[in-house]
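As stored in structure_3.cif (mmCIF, C-alpha atoms):
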data_target
#
loop_
_atom_site.label_atom_id
_atom_site.label_comp_id
_atom_site.auth_asym_id
_atom_site.auth_seq_id
_atom_site.Cartn_x
_atom_site.Cartn_y
_atom_site.Cartn_z
CA MET A 269 -5.49 -18.76 14.97
CA ARG A 270 -5.72 -17.76 11.31
CA VAL A 271 -7.56 -14.54 12.15
CA LEU A 272 -5.32 -13.73 15.11
CA ALA A 273 -2.23 -14.20 12.95
CA ALA A 274 -3.70 -11.84 10.33
CA LEU A 275 -4.41 -9.23 13.02
CA LEU A 276 -0.84 -9.44 14.33
CA CYS A 277 0.57 -9.19 10.81
CA GLY A 278 -1.62 -6.14 10.21
CA VAL A 279 -0.35 -4.51 13.41
CA VAL A 280 3.31 -5.11 12.50
CA PHE A 281 2.62 -3.88 8.96
CA GLY A 282 1.04 -0.72 10.41
CA VAL A 283 4.00 -0.24 12.76
CA GLY A 284 6.34 -0.52 9.78
CA LEU A 285 4.37 2.02 7.74
CA ALA A 286 4.49 4.55 10.60
CA VAL A 287 8.16 3.94 11.47
CA GLY A 288 9.17 4.15 7.83
CA GLY A 289 7.32 7.42 7.17
CA MET A 290 4.83 6.07 4.61
CA THR A 291 1.97 7.51 6.67
CA ASN A 292 2.98 11.11 5.99
CA PRO A 293 1.59 12.05 2.56
CA ALA A 294 4.05 14.97 2.36
CA LYS A 295 6.92 12.48 2.61
CA VAL A 296 5.47 10.29 -0.13
CA LEU A 297 5.04 13.32 -2.42
CA GLY A 298 8.62 14.35 -1.56
CA PHE A 299 9.75 10.92 -2.75
CA LEU A 300 7.81 11.19 -6.01
CA ASP A 301 9.12 14.72 -6.59
CA VAL A 302 12.36 13.60 -8.22
CA THR A 303 13.05 16.95 -9.88
CA GLY A 304 12.28 19.01 -6.75
CA VAL A 305 13.45 18.74 -3.13
CA TRP A 306 13.74 14.97 -3.41
CA ASP A 307 13.37 12.90 -0.24
CA PRO A 308 14.60 9.39 -1.18
CA SER A 309 13.54 7.85 2.19
CA LEU A 310 10.78 5.72 0.71
CA ALA A 311 13.25 3.91 -1.51
CA PHE A 312 14.70 2.64 1.78
CA VAL A 313 11.25 1.51 2.93
CA MET A 314 10.80 -0.39 -0.34
CA GLY A 315 14.32 -1.79 -0.15
CA GLY A 316 13.95 -2.97 3.45
CA ALA A 317 10.55 -4.52 2.82
CA LEU A 318 11.62 -6.20 -0.39
CA GLY A 319 14.86 -7.57 1.09
CA VAL A 320 13.24 -9.16 4.14
CA ASN A 321 10.23 -10.41 2.17
CA ALA A 322 12.25 -11.91 -0.68
CA LEU A 323 14.42 -13.80 1.80
CA ALA A 324 11.40 -15.05 3.71
CA PHE A 325 9.62 -15.98 0.47
CA ALA A 326 12.52 -18.20 -0.55
CA LEU A 327 12.28 -20.00 2.80
CA THR A 328 8.48 -20.23 2.78
CA ARG A 329 8.44 -21.75 -0.70
CA ARG A 330 10.10 -24.87 0.68
CA ARG A 331 7.06 -25.59 2.81
CA ALA A 332 4.17 -27.64 1.45
CA ARG A 333 1.55 -25.51 3.20
CA PRO A 334 1.21 -22.52 5.51
CA LEU A 335 0.98 -22.96 9.30
CA PHE A 336 -2.74 -22.26 9.72
CA ALA A 337 -4.26 -22.77 6.26
CA GLU A 338 -4.60 -25.57 3.71
CA SER A 339 -2.58 -23.98 0.93
CA PHE A 340 -0.77 -20.88 -0.29
CA ALA A 341 -3.01 -18.45 -2.14
CA LEU A 342 -0.58 -16.95 -4.64
CA PRO A 343 -1.52 -15.06 -7.81
CA THR A 344 -1.70 -17.28 -10.87
CA LEU A 345 -1.76 -14.66 -13.63
CA ARG A 346 1.51 -14.46 -15.54
CA ASP A 347 0.96 -12.38 -18.66
CA LEU A 348 1.08 -8.63 -18.89
CA ASP A 349 -2.24 -7.22 -19.97
CA ARG A 350 -3.79 -3.84 -20.56
CA GLU A 351 -5.79 -3.85 -17.34
CA LEU A 352 -2.63 -4.29 -15.29
CA VAL A 353 -0.79 -1.38 -16.88
CA VAL A 354 -3.77 0.97 -17.22
CA GLY A 355 -4.83 0.21 -13.63
CA ALA A 356 -1.32 0.83 -12.30
CA ALA A 357 -1.11 4.11 -14.22
CA ILE A 358 -4.49 5.29 -12.85
CA PHE A 359 -3.40 4.30 -9.34
CA GLY A 360 -0.11 6.20 -9.79
CA VAL A 361 -1.93 9.40 -10.76
CA GLY A 362 -4.11 9.20 -7.63
CA TRP A 363 -1.06 8.40 -5.50
CA GLY A 364 0.76 11.41 -6.90
CA LEU A 365 -2.22 13.72 -6.35
CA VAL A 366 -2.54 13.02 -2.61
CA GLY A 367 0.47 10.99 -1.45
CA LEU A 368 -1.60 8.17 0.03
CA CYS A 369 -1.79 4.57 -1.14
CA PRO A 370 -4.21 2.02 0.36
CA GLY A 371 -2.06 0.77 3.30
CA PRO A 372 -1.03 4.14 4.70
CA ALA A 373 -4.53 5.55 4.10
CA LEU A 374 -6.09 2.84 6.28
CA ALA A 375 -3.24 3.09 8.80
CA SER A 376 -4.00 6.81 9.24
CA LEU A 377 -7.71 6.33 9.99
CA LEU A 378 -7.33 6.65 13.78
CA ARG A 379 -5.80 10.11 13.44
CA GLY A 380 -9.37 11.36 13.16
CA GLN A 381 -8.52 13.63 10.22
CA PRO A 382 -11.53 14.30 7.97
CA GLU A 383 -9.16 14.35 4.96
CA VAL A 384 -8.29 10.69 5.57
CA PHE A 385 -11.95 9.67 5.88
CA ALA A 386 -12.78 11.46 2.62
CA PHE A 387 -9.88 9.76 0.84
CA VAL A 388 -10.70 6.27 2.17
CA ALA A 389 -14.41 6.63 1.35
CA ALA A 390 -13.53 7.67 -2.22
CA MET A 391 -11.03 4.80 -2.46
CA VAL A 392 -13.67 2.24 -1.47
CA ALA A 393 -16.06 3.84 -3.97
CA GLY A 394 -13.38 3.50 -6.67
CA MET A 395 -12.94 -0.19 -5.86
CA SER A 396 -16.71 -0.66 -6.05
CA LEU A 397 -16.73 1.01 -9.47
CA ASP A 398 -14.27 -1.59 -10.73
CA ARG A 399 -16.46 -4.32 -9.25
CA LEU A 400 -19.46 -2.94 -11.17
CA ARG A 401 -17.37 -2.78 -14.32
CA ARG A 402 -16.46 -6.45 -13.93
CA LEU A 403 -20.10 -7.41 -13.37
CA TYR A 404 -21.33 -5.60 -16.49
CA THR A 405 -18.56 -6.28 -19.00
CA MET B 1178 4.39 22.09 -0.66
CA ILE B 1179 6.16 20.79 2.43
CA ALA B 1180 9.76 19.58 2.29
CA THR B 1181 10.54 16.56 4.48
CA SER B 1182 13.89 15.37 5.78
CA PHE B 1183 15.74 12.26 4.64
CA THR B 1184 15.35 9.40 7.16
CA PRO B 1185 17.26 6.40 5.76
CA GLY B 1186 17.64 4.50 9.06
CA LEU B 1187 14.03 4.76 10.21
CA SER B 1188 12.74 4.10 6.72
CA LEU B 1189 14.89 0.99 6.32
CA LEU B 1190 13.70 -0.27 9.73
CA GLY B 1191 10.07 0.47 8.84
CA GLY B 1192 10.51 -1.30 5.52
CA ALA B 1193 12.04 -4.35 7.20
CA LEU B 1194 9.00 -4.53 9.54
CA ILE B 1195 6.65 -4.32 6.55
CA GLY B 1196 8.59 -7.12 4.87
CA LEU B 1197 8.47 -9.17 8.06
CA ALA B 1198 4.69 -8.70 8.36
CA ALA B 1199 4.16 -9.66 4.71
CA ALA B 1200 6.34 -12.74 5.12
CA ALA B 1201 4.54 -13.76 8.32
CA LEU B 1202 1.11 -13.47 6.67
CA LEU B 1203 2.26 -15.78 3.88
CA LEU B 1204 3.87 -18.26 6.27
CA ALA B 1205 0.95 -18.29 8.73
CA ASP B 1206 -2.12 -17.93 6.52
CA GLY B 1207 -0.76 -18.44 3.01
CA LYS B 1208 -1.96 -15.00 1.95
CA VAL B 1209 -0.34 -12.19 0.01
CA ALA B 1210 -0.16 -8.95 2.03
CA GLY B 1211 -1.53 -6.68 -0.67
CA VAL B 1212 -3.64 -4.10 1.10
CA SER B 1213 -5.78 -3.06 -1.89
CA GLY B 1214 -6.66 -6.66 -2.72
CA ILE B 1215 -7.42 -7.55 0.89
CA LEU B 1216 -9.76 -4.54 1.09
CA ALA B 1217 -11.33 -4.93 -2.36
CA ARG B 1218 -12.34 -8.53 -1.69
CA CYS B 1219 -14.02 -7.46 1.56
CA LEU B 1220 -16.55 -5.67 -0.61
CA ALA B 1221 -17.80 -8.97 -2.03
CA PRO B 1222 -17.20 -11.33 0.90
CA GLN B 1223 -16.81 -15.05 0.32
CA ARG B 1224 -17.60 -17.57 3.03
CA GLY B 1225 -14.57 -18.32 5.22
CA ASP B 1226 -12.54 -15.59 3.54
CA PHE B 1227 -13.67 -12.48 5.36
CA ALA B 1228 -12.59 -12.44 9.02
CA TRP B 1229 -8.84 -12.61 8.36
CA ARG B 1230 -9.15 -9.71 5.91
CA VAL B 1231 -10.94 -7.50 8.42
CA ALA B 1232 -8.45 -8.51 11.14
CA PHE B 1233 -5.44 -7.60 8.98
CA LEU B 1234 -6.98 -4.28 7.90
CA CYS B 1235 -7.87 -3.35 11.51
CA GLY B 1236 -4.27 -4.08 12.49
CA LEU B 1237 -2.94 -1.33 10.20
CA PRO B 1238 -4.34 1.69 12.10
CA LEU B 1239 -3.73 -0.07 15.43
CA GLY B 1240 -0.03 -0.56 14.64
CA ALA B 1241 0.46 2.92 13.24
CA THR B 1242 -1.34 4.53 16.19
CA LEU B 1243 0.73 2.47 18.63
CA VAL B 1244 3.94 3.87 17.13
CA ILE B 1245 2.67 7.45 17.17
CA GLN B 1246 1.49 7.15 20.80
CA LEU B 1247 4.66 5.48 22.08
CA THR B 1248 7.37 7.28 20.14
CA GLY B 1249 5.72 10.51 19.05
CA ASP B 1250 5.01 11.36 15.46
CA ALA B 1251 8.57 11.14 14.09
CA HIS B 1252 7.56 11.84 10.50
CA GLY B 1253 4.56 14.07 11.13
CA PHE B 1254 1.43 14.13 9.03
CA ALA B 1255 0.72 16.82 6.51
CA ILE B 1256 -2.02 16.80 3.92
CA THR B 1257 -2.78 20.05 2.14
CA GLN B 1258 -5.02 19.02 -0.74
CA SER B 1259 -8.51 20.41 -1.20
CA LEU B 1260 -11.52 18.12 -0.85
CA PRO B 1261 -12.06 17.70 -4.62
CA VAL B 1262 -8.42 16.63 -5.05
CA LEU B 1263 -8.65 14.22 -2.09
CA VAL B 1264 -11.82 12.63 -3.46
CA SER B 1265 -10.44 12.41 -7.03
CA GLY B 1266 -7.22 10.90 -5.69
CA GLY B 1267 -9.11 8.37 -3.60
CA LEU B 1268 -11.32 7.35 -6.54
CA LEU B 1269 -8.29 6.92 -8.82
CA VAL B 1270 -6.36 4.92 -6.19
CA GLY B 1271 -9.35 2.67 -5.50
CA PHE B 1272 -10.31 2.07 -9.13
CA GLY B 1273 -6.72 1.81 -10.37
CA THR B 1274 -5.60 -0.71 -7.76
CA ALA B 1275 -8.70 -2.83 -8.32
CA LEU B 1276 -8.24 -2.76 -12.11
CA GLY B 1277 -4.49 -3.35 -11.93
CA GLY B 1278 -4.77 -6.02 -9.25
CA GLY B 1279 -2.57 -4.44 -6.60
CA CYS B 1280 -0.93 -1.45 -4.99
CA THR B 1281 2.39 -0.53 -3.45
CA SER B 1282 2.27 -3.50 -1.06
CA GLY B 1283 0.79 -6.19 -3.31
CA HIS B 1284 2.83 -5.44 -6.42
CA GLY B 1285 5.69 -3.41 -4.94
CA VAL B 1286 6.56 -5.48 -1.88
CA CYS B 1287 5.02 -8.94 -2.34
CA GLY B 1288 5.01 -9.29 -6.13
CA LEU B 1289 8.58 -8.08 -6.62
CA ALA B 1290 9.77 -10.38 -3.82
CA ARG B 1291 8.30 -13.32 -5.76
CA GLY B 1292 9.97 -12.16 -8.95
CA SER B 1293 6.64 -11.51 -10.69
CA GLN B 1294 6.96 -9.78 -14.05
CA ARG B 1295 3.42 -8.43 -13.80
CA SER B 1296 4.29 -6.78 -10.50
CA LEU B 1297 7.50 -5.32 -11.92
CA ALA B 1298 5.55 -3.79 -14.81
CA ALA B 1299 2.87 -2.47 -12.43
CA THR B 1300 5.41 -1.03 -9.97
CA LEU B 1301 7.39 0.77 -12.68
CA THR B 1302 4.12 2.10 -14.11
CA PHE B 1303 2.65 3.47 -10.88
CA MET B 1304 5.98 4.94 -9.78
CA ALA B 1305 6.35 6.72 -13.13
CA ALA B 1306 2.72 7.88 -13.15
CA GLY B 1307 3.08 9.15 -9.56
CA ALA B 1308 6.29 11.02 -10.32
CA LEU B 1309 4.79 12.55 -13.49
CA THR B 1310 1.70 13.64 -11.57
CA VAL B 1311 3.78 15.32 -8.86
CA PHE B 1312 5.93 16.95 -11.55
CA ALA B 1313 2.85 18.30 -13.30
CA ALA B 1314 1.20 19.48 -10.08
CA ARG B 1315 4.26 21.10 -8.53
CA HIS B 1316 6.44 22.25 -11.39
CA LEU B 1317 4.06 22.85 -14.28
CA LEU B 1318 0.94 24.02 -12.44
CA GLY B 1319 2.74 25.27 -9.34
CA GLY B 1320 0.44 23.63 -6.79
CA GLY B 1321 0.46 20.32 -4.88
#
Show me the file's structure as structure tokens.
Amino acid sequence: MRVLAALLCGVVFGVGLAVGGMTNPAKVLGFLDVTGVWDPSLAFVMGGALGVNALAFALTRRRARPLFAESFALPTLRDLDRELVVGAAIFGVGWGLVGLCPGPALASLLRGQPEVFAFVAAMVAGMSLDRLRRLYT
Amino acid sequence: MIATSFTPGLSLLGGALIGLAAAALLLADGKVAGVSGILARCLAPQRGDFAWRVAFLCGLPLGATLVIQLTGDAHGFAITQSLPVLVSGGLLVGFGTALGGGCTSGHGVCGLARGSQRSLAATLTFMAAGALTVFAARHLLGGG
């Protein structure tokens, strides 16, 4: 049940990414290009997602536990640290170079475009680099 | 550089579906729908914490492909970067999200919905860094 629920959530998430336009890198770059021909669409994606999720989060928080698991796995870190900000900045540069973030990159895999495969392979390599860094520092 | 058209209705609907999916994953499995974190922790699998991750990640291309097959590619797909730029971008996105503990979905959608200050700082940072990068690429260097 837990795995099936995750699959369904992934499908709906992927549907949302495609409907909203997040899966077109040109549209993402158009959103980030605030001084050029700005396409503000993705602010509506963020707004819609945030609105529905914030409402649902308020309702979910009243429950003692999720439907199919023992407990809620929510982040426990509270303080701002250098890794958070430096990591977000590095991510933003990569996002701005190509117009793909992790969700839309994976959602575009079945298009069969070699560009997407190259990006996803590099992304997984980047994540592995951070894992190595954590092991050796 | 390719200009795209403003699609407020479709984008709001797509966003609402993303929010719904994120909320459902928390309600059903108690998990945060942060794509980079779900993927990154697949690379070092823990017992009993792997199958749901793979299932969620497989759902993303299935859902997106379903939409494109059923309704046509409303937004299109255009990627014009050279291979070195694609690979550099992928490396930066992978390393940055792993170091910063989240991406657009984890910090931007789930973290902000919880009122997390860390996620607010991260979201403002990656939005600003993304906008500056596009500014530099398109308006200073004349590419992108």
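Nearest-residue note for chain A: choosing from B:Ala1210, B:Thr1248, B:Ala1290, B:Val1231, the minimum distance belongs to B:Ala1290, counting all atoms listed in the file.
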Query - Nearest-residue call for A:Ala389, choices B:Ser1265, B:Thr1274, B:Thr1257, B:Thr1310, using all atoms listed in the file - result: B:Ser1265
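For the residues A:Met269, A:Ala322, A:Val392, A:Ile358, ranking by smallest atom-to-atom distance to B:Leu1289 using only C-alpha atoms places A:Ala322 first.
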Requested in this report: Specify as a ChimeraX atom specification each residue included when the PyMOL selection byres ((chain A and resi 314) around 12) is applied to this file.
Outcome: /A:284-285,288-290,296,299,308-313,315-322 /B:1185,1188-1196,1281-1287,1289-1290,1300,1304
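Taking atom CA of B:Val1244 and atom CA of A:Arg379 as endpoints, the distance between them is 12.1 Å.
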Report summary line: Min atom-atom distance to chain B from the set A:Thr405, A:Thr344, A:Gln381, A:Asn292, counting only C-alpha atoms, belongs to A:Asn292
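In this comparison, which uses only C-alpha atoms, the residue of B:Cys1280, B:Leu1317, B:Pro1238, B:Leu1297 approaching B:Ser1213 most closely is B:Cys1280.
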Query raised in the report: atom CA of B:Thr1242 to atom CA of A:Leu378: how many Å, to one decimal?
Result: 6.8 Å
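Distances here use only C-alpha atoms; by that measure, the residue among B:Phe1272, B:Ala1314, B:Gly1214, B:Arg1224 closest to chain A is B:Phe1272.
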Report task. Run the PyMOL selection byres ((chain A and resi 360) around 6) mentally over the shown coordinates, then write out the matched residues as a list in words, using the chain letters and numbers from the document. Result -> Ala357, Ile358, Phe359, Val361, Gly362 and Trp363 of chain A; Phe1303, Ala1306 and Gly1307 of chain B
Would you translate the PyMOL selection byres ((chain A and resi 270) around 7) into the concrete set of residues it matches in this file, as a PDB file with C-alpha atoms, in the coordinates of the input?
ATOM      1  CA  MET A 269      -5.490 -18.760  14.970  1.00  0.00           C
ATOM      2  CA  VAL A 271      -7.560 -14.540  12.150  1.00  0.00           C
ATOM      3  CA  LEU A 272      -5.320 -13.730  15.110  1.00  0.00           C
ATOM      4  CA  ALA A 273      -2.230 -14.200  12.950  1.00  0.00           C
ATOM      5  CA  ALA A 274      -3.700 -11.840  10.330  1.00  0.00           C
ATOM      6  CA  PHE A 336      -2.740 -22.260   9.720  1.00  0.00           C
TER       7      PHE A 336
ATOM      8  CA  ASP B1206      -2.120 -17.930   6.520  1.00  0.00           C
ATOM      9  CA  TRP B1229      -8.840 -12.610   8.360  1.00  0.00           C
TER      10      TRP B1229
END
To test the calculation: enclose all listed atoms of stretch 1298-1303 of chain B in a box whose edges run along x, y and z, add 4 Å on each side, then state centre and edge lengths in Å to one decimal, as lines of an AutoDock Vina configuration file.
center_x = 5.0
center_y = -0.2
center_z = -12.4
size_x = 12.7
size_y = 15.3
size_z = 12.8
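Atom to atom, atom CA of B:Leu1268 and atom CA of A:Ala375 stand 17.9 Å apart.
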